[in-house]
file target01.tsv (TSV, C-alpha atoms)
chain	number	residue	atom	x	y	z
A	1	MET	CA	90.14	122.34	127.27
A	2	LYS	CA	89.24	123.78	123.85
A	3	LYS	CA	92.44	125.85	123.77
A	4	ALA	CA	94.54	122.83	124.72
A	5	LEU	CA	92.93	120.77	121.96
A	6	GLU	CA	93.56	123.52	119.41
A	7	GLN	CA	97.23	123.75	120.39
A	8	LYS	CA	97.62	119.98	120.28
A	9	ARG	CA	96.30	119.90	116.72
A	10	ILE	CA	98.79	122.51	115.48
A	11	SER	CA	101.41	119.83	115.03
A	12	SER	CA	101.18	118.11	111.68
A	13	LEU	CA	103.58	119.86	109.31
A	14	THR	CA	107.03	118.34	108.87
A	15	ASN	CA	108.10	118.67	105.24
A	16	SER	CA	106.74	118.44	101.72
A	17	GLN	CA	106.54	114.65	101.87
A	18	ILE	CA	103.86	114.83	104.55
A	19	LYS	CA	100.32	115.35	103.29
A	20	PHE	CA	98.22	117.80	105.23
A	21	GLY	CA	94.77	119.27	104.93
A	22	LYS	CA	93.58	122.85	104.61
A	23	TRP	CA	92.87	123.10	108.36
A	24	GLU	CA	96.47	122.27	109.26
A	25	LEU	CA	97.88	124.65	106.66
A	26	GLU	CA	95.71	127.53	107.88
A	27	LYS	CA	96.69	126.95	111.50
A	28	ILE	CA	100.40	126.33	111.04
A	29	PHE	CA	101.03	128.73	108.16
A	30	PRO	CA	98.43	131.51	108.37
A	31	VAL	CA	98.16	134.00	105.54
A	32	VAL	CA	99.88	137.36	105.95
A	33	GLN	CA	97.30	139.49	104.17
A	34	ILE	CA	99.18	142.38	102.58
A	35	GLU	CA	96.53	142.51	99.83
A	36	GLN	CA	93.90	143.41	102.44
A	37	ILE	CA	95.90	146.39	103.73
A	38	SER	CA	94.97	149.79	102.32
A	39	LEU	CA	97.35	152.75	102.36
A	40	ASN	CA	94.39	154.65	103.84
A	41	ASP	CA	94.18	152.34	106.89
A	42	GLU	CA	94.23	154.26	110.14
A	43	PHE	CA	97.30	152.50	111.54
A	44	LEU	CA	99.38	153.67	108.55
A	45	GLN	CA	98.48	157.29	109.28
A	46	TYR	CA	100.19	157.13	112.67
A	47	GLU	CA	103.15	159.51	112.94
A	48	SER	CA	106.15	158.79	115.12
A	49	ASP	CA	109.78	159.81	115.58
A	50	SER	CA	110.74	156.12	115.95
A	51	LYS	CA	113.08	155.00	113.17
A	52	VAL	CA	111.85	151.41	113.61
A	53	ILE	CA	108.18	152.36	113.26
A	54	ASN	CA	108.94	154.45	110.19
A	55	ARG	CA	110.99	151.63	108.63
A	56	VAL	CA	108.08	149.22	109.02
A	57	LYS	CA	105.57	151.75	107.64
A	58	ASN	CA	107.78	152.60	104.66
A	59	ASN	CA	108.29	148.94	103.81
A	60	ILE	CA	104.54	148.32	103.93
A	61	ILE	CA	104.04	151.23	101.52
A	62	THR	CA	106.76	149.80	99.27
A	63	ALA	CA	105.13	146.36	99.35
A	64	LYS	CA	101.80	147.87	98.31
A	65	LYS	CA	103.38	149.88	95.50
A	66	ILE	CA	105.12	146.84	93.99
A	67	GLY	CA	101.96	144.75	94.31
A	68	MET	CA	103.25	142.19	96.80
A	69	LYS	CA	100.98	139.14	97.03
A	70	ASN	CA	99.74	137.51	100.21
A	71	PHE	CA	102.08	134.88	101.65
A	72	ARG	CA	102.06	132.45	104.55
A	73	LYS	CA	104.27	132.55	107.65
A	74	ALA	CA	104.77	129.88	110.27
A	75	ALA	CA	102.62	130.59	113.34
A	76	ILE	CA	104.97	128.82	115.76
A	77	ASP	CA	108.70	128.28	116.05
A	78	PRO	CA	110.14	125.21	114.32
A	79	SER	CA	111.51	122.22	116.21
A	80	PHE	CA	114.00	119.60	115.12
A	81	GLY	CA	112.98	116.45	113.35
A	82	LYS	CA	114.98	113.24	113.34
A	83	ASN	CA	118.70	113.59	114.04
A	84	ARG	CA	118.41	117.42	114.07
A	85	ARG	CA	118.72	117.41	110.26
A	86	THR	CA	115.15	118.39	109.46
A	87	ILE	CA	112.49	120.60	111.05
A	88	ILE	CA	108.90	120.12	112.11
A	89	TYR	CA	106.19	122.43	113.42
A	90	CYS	CA	104.77	120.93	116.58
A	91	VAL	CA	103.40	122.54	119.74
A	92	GLY	CA	105.10	121.70	123.03
A	93	ARG	CA	108.65	121.03	121.81
A	94	LYS	CA	111.97	122.77	122.26
A	95	PRO	CA	112.68	125.34	119.55
A	96	ALA	CA	115.30	124.44	116.93
A	97	VAL	CA	118.08	126.76	118.05
A	98	LYS	CA	121.87	126.50	117.61
A	99	LYS	CA	121.95	126.30	113.82
A	100	SER	CA	123.61	128.73	111.40
A	101	PRO	CA	121.85	131.08	108.97
A	102	ILE	CA	123.31	129.13	106.04
A	103	TRP	CA	121.88	125.88	107.48
A	104	TRP	CA	118.48	127.54	107.83
A	105	ASP	CA	118.63	128.91	104.29
A	106	LYS	CA	119.12	125.41	102.88
A	107	VAL	CA	116.51	123.80	105.12
A	108	ALA	CA	113.94	126.49	104.32
A	109	CYS	CA	114.29	125.94	100.57
A	110	LYS	CA	113.87	122.18	100.97
A	111	PHE	CA	110.95	122.39	103.39
A	112	MET	CA	108.14	122.85	100.86
A	113	PRO	CA	109.66	123.66	97.46
A	114	GLU	CA	106.33	123.32	95.65
A	115	LYS	CA	105.19	126.33	97.72
A	116	ASN	CA	108.44	128.28	97.20
A	117	SER	CA	109.48	127.86	100.84
A	118	ARG	CA	112.24	130.24	101.86
A	119	LEU	CA	113.68	132.31	104.64
A	120	MET	CA	111.64	135.45	105.15
A	121	SER	CA	112.96	138.68	103.62
A	122	LEU	CA	113.12	142.02	105.46
A	123	LEU	CA	110.26	143.36	103.33
A	124	GLU	CA	108.14	140.31	104.21
A	125	ARG	CA	109.12	140.66	107.87
A	126	ASP	CA	107.99	144.27	108.02
A	127	VAL	CA	104.77	143.47	106.18
A	128	PHE	CA	104.08	140.77	108.79
A	129	LEU	CA	104.83	143.26	111.58
A	130	GLY	CA	102.36	145.70	110.02
A	131	VAL	CA	99.72	142.99	109.85
A	132	LEU	CA	100.45	142.22	113.50
A	133	VAL	CA	99.96	145.89	114.42
A	134	LYS	CA	96.63	145.87	112.58
A	135	GLU	CA	95.52	142.68	114.34
A	136	LEU	CA	96.46	144.08	117.75
A	137	ILE	CA	94.18	147.03	117.04
A	138	GLU	CA	91.28	145.12	115.50
A	139	GLU	CA	91.36	141.90	117.54
A	140	GLU	CA	93.21	142.59	120.78
A	141	GLY	CA	91.79	146.02	121.63
A	142	TYR	CA	95.02	148.02	121.40
A	143	SER	CA	94.99	151.69	120.48
A	144	VAL	CA	96.93	152.59	117.33
A	145	LYS	CA	99.74	154.10	119.39
A	146	ASP	CA	99.96	151.16	121.81
A	147	ALA	CA	99.92	148.62	118.97
A	148	TRP	CA	102.82	150.27	117.16
A	149	GLU	CA	104.80	150.60	120.38
A	150	ALA	CA	104.14	146.98	121.37
A	151	VAL	CA	105.69	145.79	118.12
A	152	CYS	CA	108.42	148.38	117.58
A	153	VAL	CA	109.28	150.04	120.90
A	154	ASN	CA	108.61	147.77	123.90
A	155	SER	CA	107.33	144.23	123.25
A	156	LYS	CA	106.92	143.10	126.86
A	157	ASN	CA	103.18	142.44	126.41
A	158	ILE	CA	103.39	140.36	123.23
A	159	GLY	CA	106.61	138.35	123.54
A	160	TYR	CA	107.63	135.63	125.95
A	161	ALA	CA	110.21	136.77	128.50
A	162	THR	CA	110.86	135.43	131.99
A	163	ASN	CA	111.54	137.17	135.27
A	164	LYS	CA	113.34	134.18	136.75
A	165	PRO	CA	116.90	134.33	138.10
A	166	PHE	CA	119.52	133.88	135.36
A	167	LEU	CA	120.36	130.25	136.12
A	168	GLU	CA	116.68	129.24	136.04
A	169	LYS	CA	115.86	130.84	132.70
A	170	GLU	CA	115.15	128.68	129.67
A	171	PHE	CA	113.29	128.71	126.38
A	172	ALA	CA	109.54	128.21	126.48
A	173	LEU	CA	108.20	125.28	124.47
A	174	THR	CA	106.86	126.00	121.00
A	175	GLY	CA	103.33	127.35	120.80
A	176	SER	CA	103.70	129.70	123.78
A	177	LYS	CA	102.05	133.09	124.35
A	178	LYS	CA	99.33	133.36	121.71
A	179	ILE	CA	98.86	136.83	120.21
A	180	SER	CA	96.11	136.95	117.59
A	181	ARG	CA	97.09	134.07	115.22
A	182	TRP	CA	100.75	133.97	116.25
A	183	TYR	CA	102.90	132.34	118.92
A	184	ASP	CA	106.52	132.51	120.09
A	185	LEU	CA	107.02	136.14	119.13
A	186	GLY	CA	109.76	136.74	121.67
A	187	ASN	CA	110.91	133.34	122.92
A	188	THR	CA	113.62	133.02	120.25
A	189	ARG	CA	115.14	135.50	117.85
A	190	LYS	CA	114.34	134.99	114.17
A	191	ILE	CA	116.77	134.60	111.26
A	192	ILE	CA	115.76	136.23	107.97
A	193	LYS	CA	117.56	136.78	104.64
A	194	VAL	CA	118.17	140.09	102.90
A	195	ALA	CA	120.49	139.00	100.05
A	196	LYS	CA	122.72	136.12	99.00
A	197	LYS	CA	124.57	135.03	102.16
A	198	ILE	CA	123.44	138.17	104.00
A	199	TYR	CA	121.17	137.57	106.97
A	200	LEU	CA	119.61	139.44	109.87
A	201	VAL	CA	118.59	138.25	113.31
A	202	CYS	CA	115.39	139.87	114.59
A	203	GLY	CA	113.61	140.49	117.86
A	204	PHE	CA	114.45	139.24	121.34
A	205	ASN	CA	114.79	135.96	123.21
A	206	TYR	CA	113.42	134.91	126.60
A	207	ASN	CA	116.52	136.31	128.34
A	208	MET	CA	116.65	139.75	126.68
A	209	SER	CA	114.90	143.03	127.42
A	210	PRO	CA	111.82	143.43	125.17
A	211	LYS	CA	112.29	147.20	125.53
A	212	ILE	CA	115.88	147.29	124.33
A	213	SER	CA	115.19	144.64	121.68
A	214	PRO	CA	111.53	144.75	120.62
A	215	VAL	CA	110.06	142.36	118.06
A	216	ALA	CA	110.78	144.76	115.18
A	217	ILE	CA	114.49	145.30	115.88
A	218	ASN	CA	117.15	143.55	113.80
A	219	TRP	CA	120.92	143.18	113.47
A	220	GLU	CA	123.11	142.00	110.62
A	221	ILE	CA	124.77	138.62	111.17
A	222	ILE	CA	128.52	138.82	110.53
A	223	PHE	CA	129.43	135.13	110.49
A	224	SER	CA	126.60	133.37	108.65
A	225	SER	CA	128.21	129.93	108.83
A	226	LEU	CA	128.27	129.90	112.65
A	227	PRO	CA	125.37	128.62	114.78
A	228	ILE	CA	123.25	131.11	116.70
A	229	ALA	CA	122.35	129.85	120.15
A	230	ASP	CA	119.03	131.68	120.57
A	231	ALA	CA	117.57	131.93	117.06
A	232	VAL	CA	115.45	129.94	114.61
A	233	GLY	CA	114.82	130.44	110.91
A	234	GLU	CA	111.67	132.37	109.96
A	235	ILE	CA	110.16	130.41	107.07
A	236	VAL	CA	107.51	131.65	104.66
A	237	ILE	CA	105.71	130.03	101.73
A	238	ASP	CA	103.52	131.25	98.87
A	239	GLU	CA	99.79	131.43	99.51
call {"tool": "encode", "arguments": {"input": "target01.tsv", "output": "structure tokens"}}
result
Amino acid sequence: MKKALEQKRISSLTNSQIKFGKWELEKIFPVVQIEQISLNDEFLQYESDSKVINRVKNNIITAKKIGMKNFRKAAIDPSFGKNRRTIIYCVGRKPAVKKSPIWWDKVACKFMPEKNSRLMSLLERDVFLGVLVKELIEEEGYSVKDAWEAVCVNSKNIGYATNKPFLEKEFALTGSKKISRWYDLGNTRKIIKVAKKIYLVCGFNYNMSPKISPVAINWEIIFSSLPIADAVGEIVIDE
């Protein structure tokens, strides 16, 4: 009952015209705490031959060296607002798929401009993944090795994927599969931005193998003006 009430209340953010309190902001856009990571943290001492793990580690080190500030990331996937022209964050809705990276770029900038809303960068994405690794260790009881592998090698335990026959498969509703402070890690793929009109799509959807395409994997998008059937924009804001 308490969990259901908590999920029901994570539903109030639509755009910058809607007023919301601190509770809603903390729940819907939790802080990604890069400033609380130390280069001496145990999880950053982990050594691996995985190119994905090493990319994430190196980007965390880069973020620390340039003095990256904390930022906020949406905890759940976005859904469509009225007429599919705007987005909202509301538990229990269909995710806002089938839009292009360019559409998401524009919508992200308009979402909360006073908080510098934007599509997540690759550096921010990898910092978030590092924070997720740390939270898996400290809050979910994972070993350092298992936490890194859950995020970067095989994400079957942290992302939503179905075992249903192909014709019965479908997206989960937003706010599914809670891991630490985050939901929807593997239900849809995520669109991020690396440069002007250059975008990546990250992770896996409900119909993909979380081993072949773990949460930390990404691919460059060739045609950024075309809709992507299984992806949503990953929006971040300043703290």
call {"tool": "residues_around", "arguments": {"input": "target01.tsv", "residues": "Leu129 in chain A", "least_positions_apart": "5", "cutoff": "9 Å", "atoms": "all atoms listed in the file", "output": "count of residues only"}}
result
7
call {"tool": "closest_residue", "arguments": {"input": "target01.tsv", "among": "A:Asp77, A:Glu138, A:Asp41, A:Glu220", "to": "Val201 in chain A", "atoms": "all atoms listed in the file"}}
result
A:Glu220
call {"tool": "atom_distance", "arguments": {"input": "target01.tsv", "atom1": "CA of Cys90 in chain A", "atom2": "CA of Ser224 in chain A"}}
result
26.3 Å
call {"tool": "atom_distance", "arguments": {"input": "target01.tsv", "atom1": "CA of Ile221 in chain A", "atom2": "CA of Ile60 in chain A"}}
result
23.6 Å
call {"tool": "atom_distance", "arguments": {"input": "target01.tsv", "atom1": "CA of Val133 in chain A", "atom2": "CA of Trp148 in chain A"}}
result
5.9 Å
call {"tool": "closest_residue", "arguments": {"input": "target01.tsv", "among": "A:Ala75, A:Ile37, A:Ile191, A:Ile217", "to": "Met120 in chain A", "atoms": "all atoms listed in the file"}}
result
A:Ile191
call {"tool": "closest_residue", "arguments": {"input": "target01.tsv", "among": "A:Ser225, A:Asn205, A:Asn70, A:Asn218", "to": "Val97 in chain A", "atoms": "all atoms listed in the file"}}
result
A:Asn205
call {"tool": "residues_near_point", "arguments": {"input": "target01.tsv", "point": "(101.2, 146.8, 103.5)", "cutoff": "10 Å", "atoms": "only C-alpha atoms", "output": "mmCIF file with C-alpha atoms, in the coordinates of the input"}}
result
data_model
loop_
_atom_site.group_PDB
_atom_site.id
_atom_site.type_symbol
_atom_site.label_atom_id
_atom_site.label_comp_id
_atom_site.auth_asym_id
_atom_site.auth_seq_id
_atom_site.Cartn_x
_atom_site.Cartn_y
_atom_site.Cartn_z
ATOM 1 C CA VAL A 32 99.880 137.360 105.950
ATOM 2 C CA GLN A 33 97.300 139.490 104.170
ATOM 3 C CA ILE A 34 99.180 142.380 102.580
ATOM 4 C CA GLU A 35 96.530 142.510 99.830
ATOM 5 C CA GLN A 36 93.900 143.410 102.440
ATOM 6 C CA ILE A 37 95.900 146.390 103.730
ATOM 7 C CA SER A 38 94.970 149.790 102.320
ATOM 8 C CA LEU A 39 97.350 152.750 102.360
ATOM 9 C CA ASP A 41 94.180 152.340 106.890
ATOM 10 C CA LEU A 44 99.380 153.670 108.550
ATOM 11 C CA VAL A 56 108.080 149.220 109.020
ATOM 12 C CA LYS A 57 105.570 151.750 107.640
ATOM 13 C CA ASN A 58 107.780 152.600 104.660
ATOM 14 C CA ASN A 59 108.290 148.940 103.810
ATOM 15 C CA ILE A 60 104.540 148.320 103.930
ATOM 16 C CA ILE A 61 104.040 151.230 101.520
ATOM 17 C CA THR A 62 106.760 149.800 99.270
ATOM 18 C CA ALA A 63 105.130 146.360 99.350
ATOM 19 C CA LYS A 64 101.800 147.870 98.310
ATOM 20 C CA LYS A 65 103.380 149.880 95.500
ATOM 21 C CA GLY A 67 101.960 144.750 94.310
ATOM 22 C CA MET A 68 103.250 142.190 96.800
ATOM 23 C CA ASN A 70 99.740 137.510 100.210
ATOM 24 C CA LEU A 123 110.260 143.360 103.330
ATOM 25 C CA GLU A 124 108.140 140.310 104.210
ATOM 26 C CA ASP A 126 107.990 144.270 108.020
ATOM 27 C CA VAL A 127 104.770 143.470 106.180
ATOM 28 C CA PHE A 128 104.080 140.770 108.790
ATOM 29 C CA LEU A 129 104.830 143.260 111.580
ATOM 30 C CA GLY A 130 102.360 145.700 110.020
ATOM 31 C CA VAL A 131 99.720 142.990 109.850
#
call {"tool": "closest_residue", "arguments": {"input": "target01.tsv", "among": "A:Val232, A:Leu173, A:Ile158, A:Val144", "to": "Gln45 in chain A", "atoms": "all atoms listed in the file"}}
result
A:Val144
call {"tool": "closest_residue", "arguments": {"input": "target01.tsv", "among": "A:Tyr206, A:Phe171, A:Trp182, A:Phe29", "to": "Pro95 in chain A", "atoms": "only C-alpha atoms"}}
result
A:Phe171
call {"tool": "closest_residue", "arguments": {"input": "target01.tsv", "among": "A:Asp184, A:Glu140, A:Asp230, A:Glu170", "to": "Lys99 in chain A", "atoms": "only C-alpha atoms"}}
result
A:Asp230
call {"tool": "axis_aligned_box", "arguments": {"input": "target01.tsv", "around": "range 193-201 of chain A", "padding_each_side": "5 Å", "output": "JSON"}}
result
{"center_x": 121.1, "center_y": 137.6, "center_z": 106.2, "size_x": 17.0, "size_y": 15.1, "size_z": 24.3}
call {"tool": "residues_near_point", "arguments": {"input": "target01.tsv", "point": "(107.9, 133.8, 110.3)", "cutoff": "7 Å", "atoms": "all atoms listed in the file", "output": "ChimeraX atom specification"}}
result
/A:73-75,120,234-236
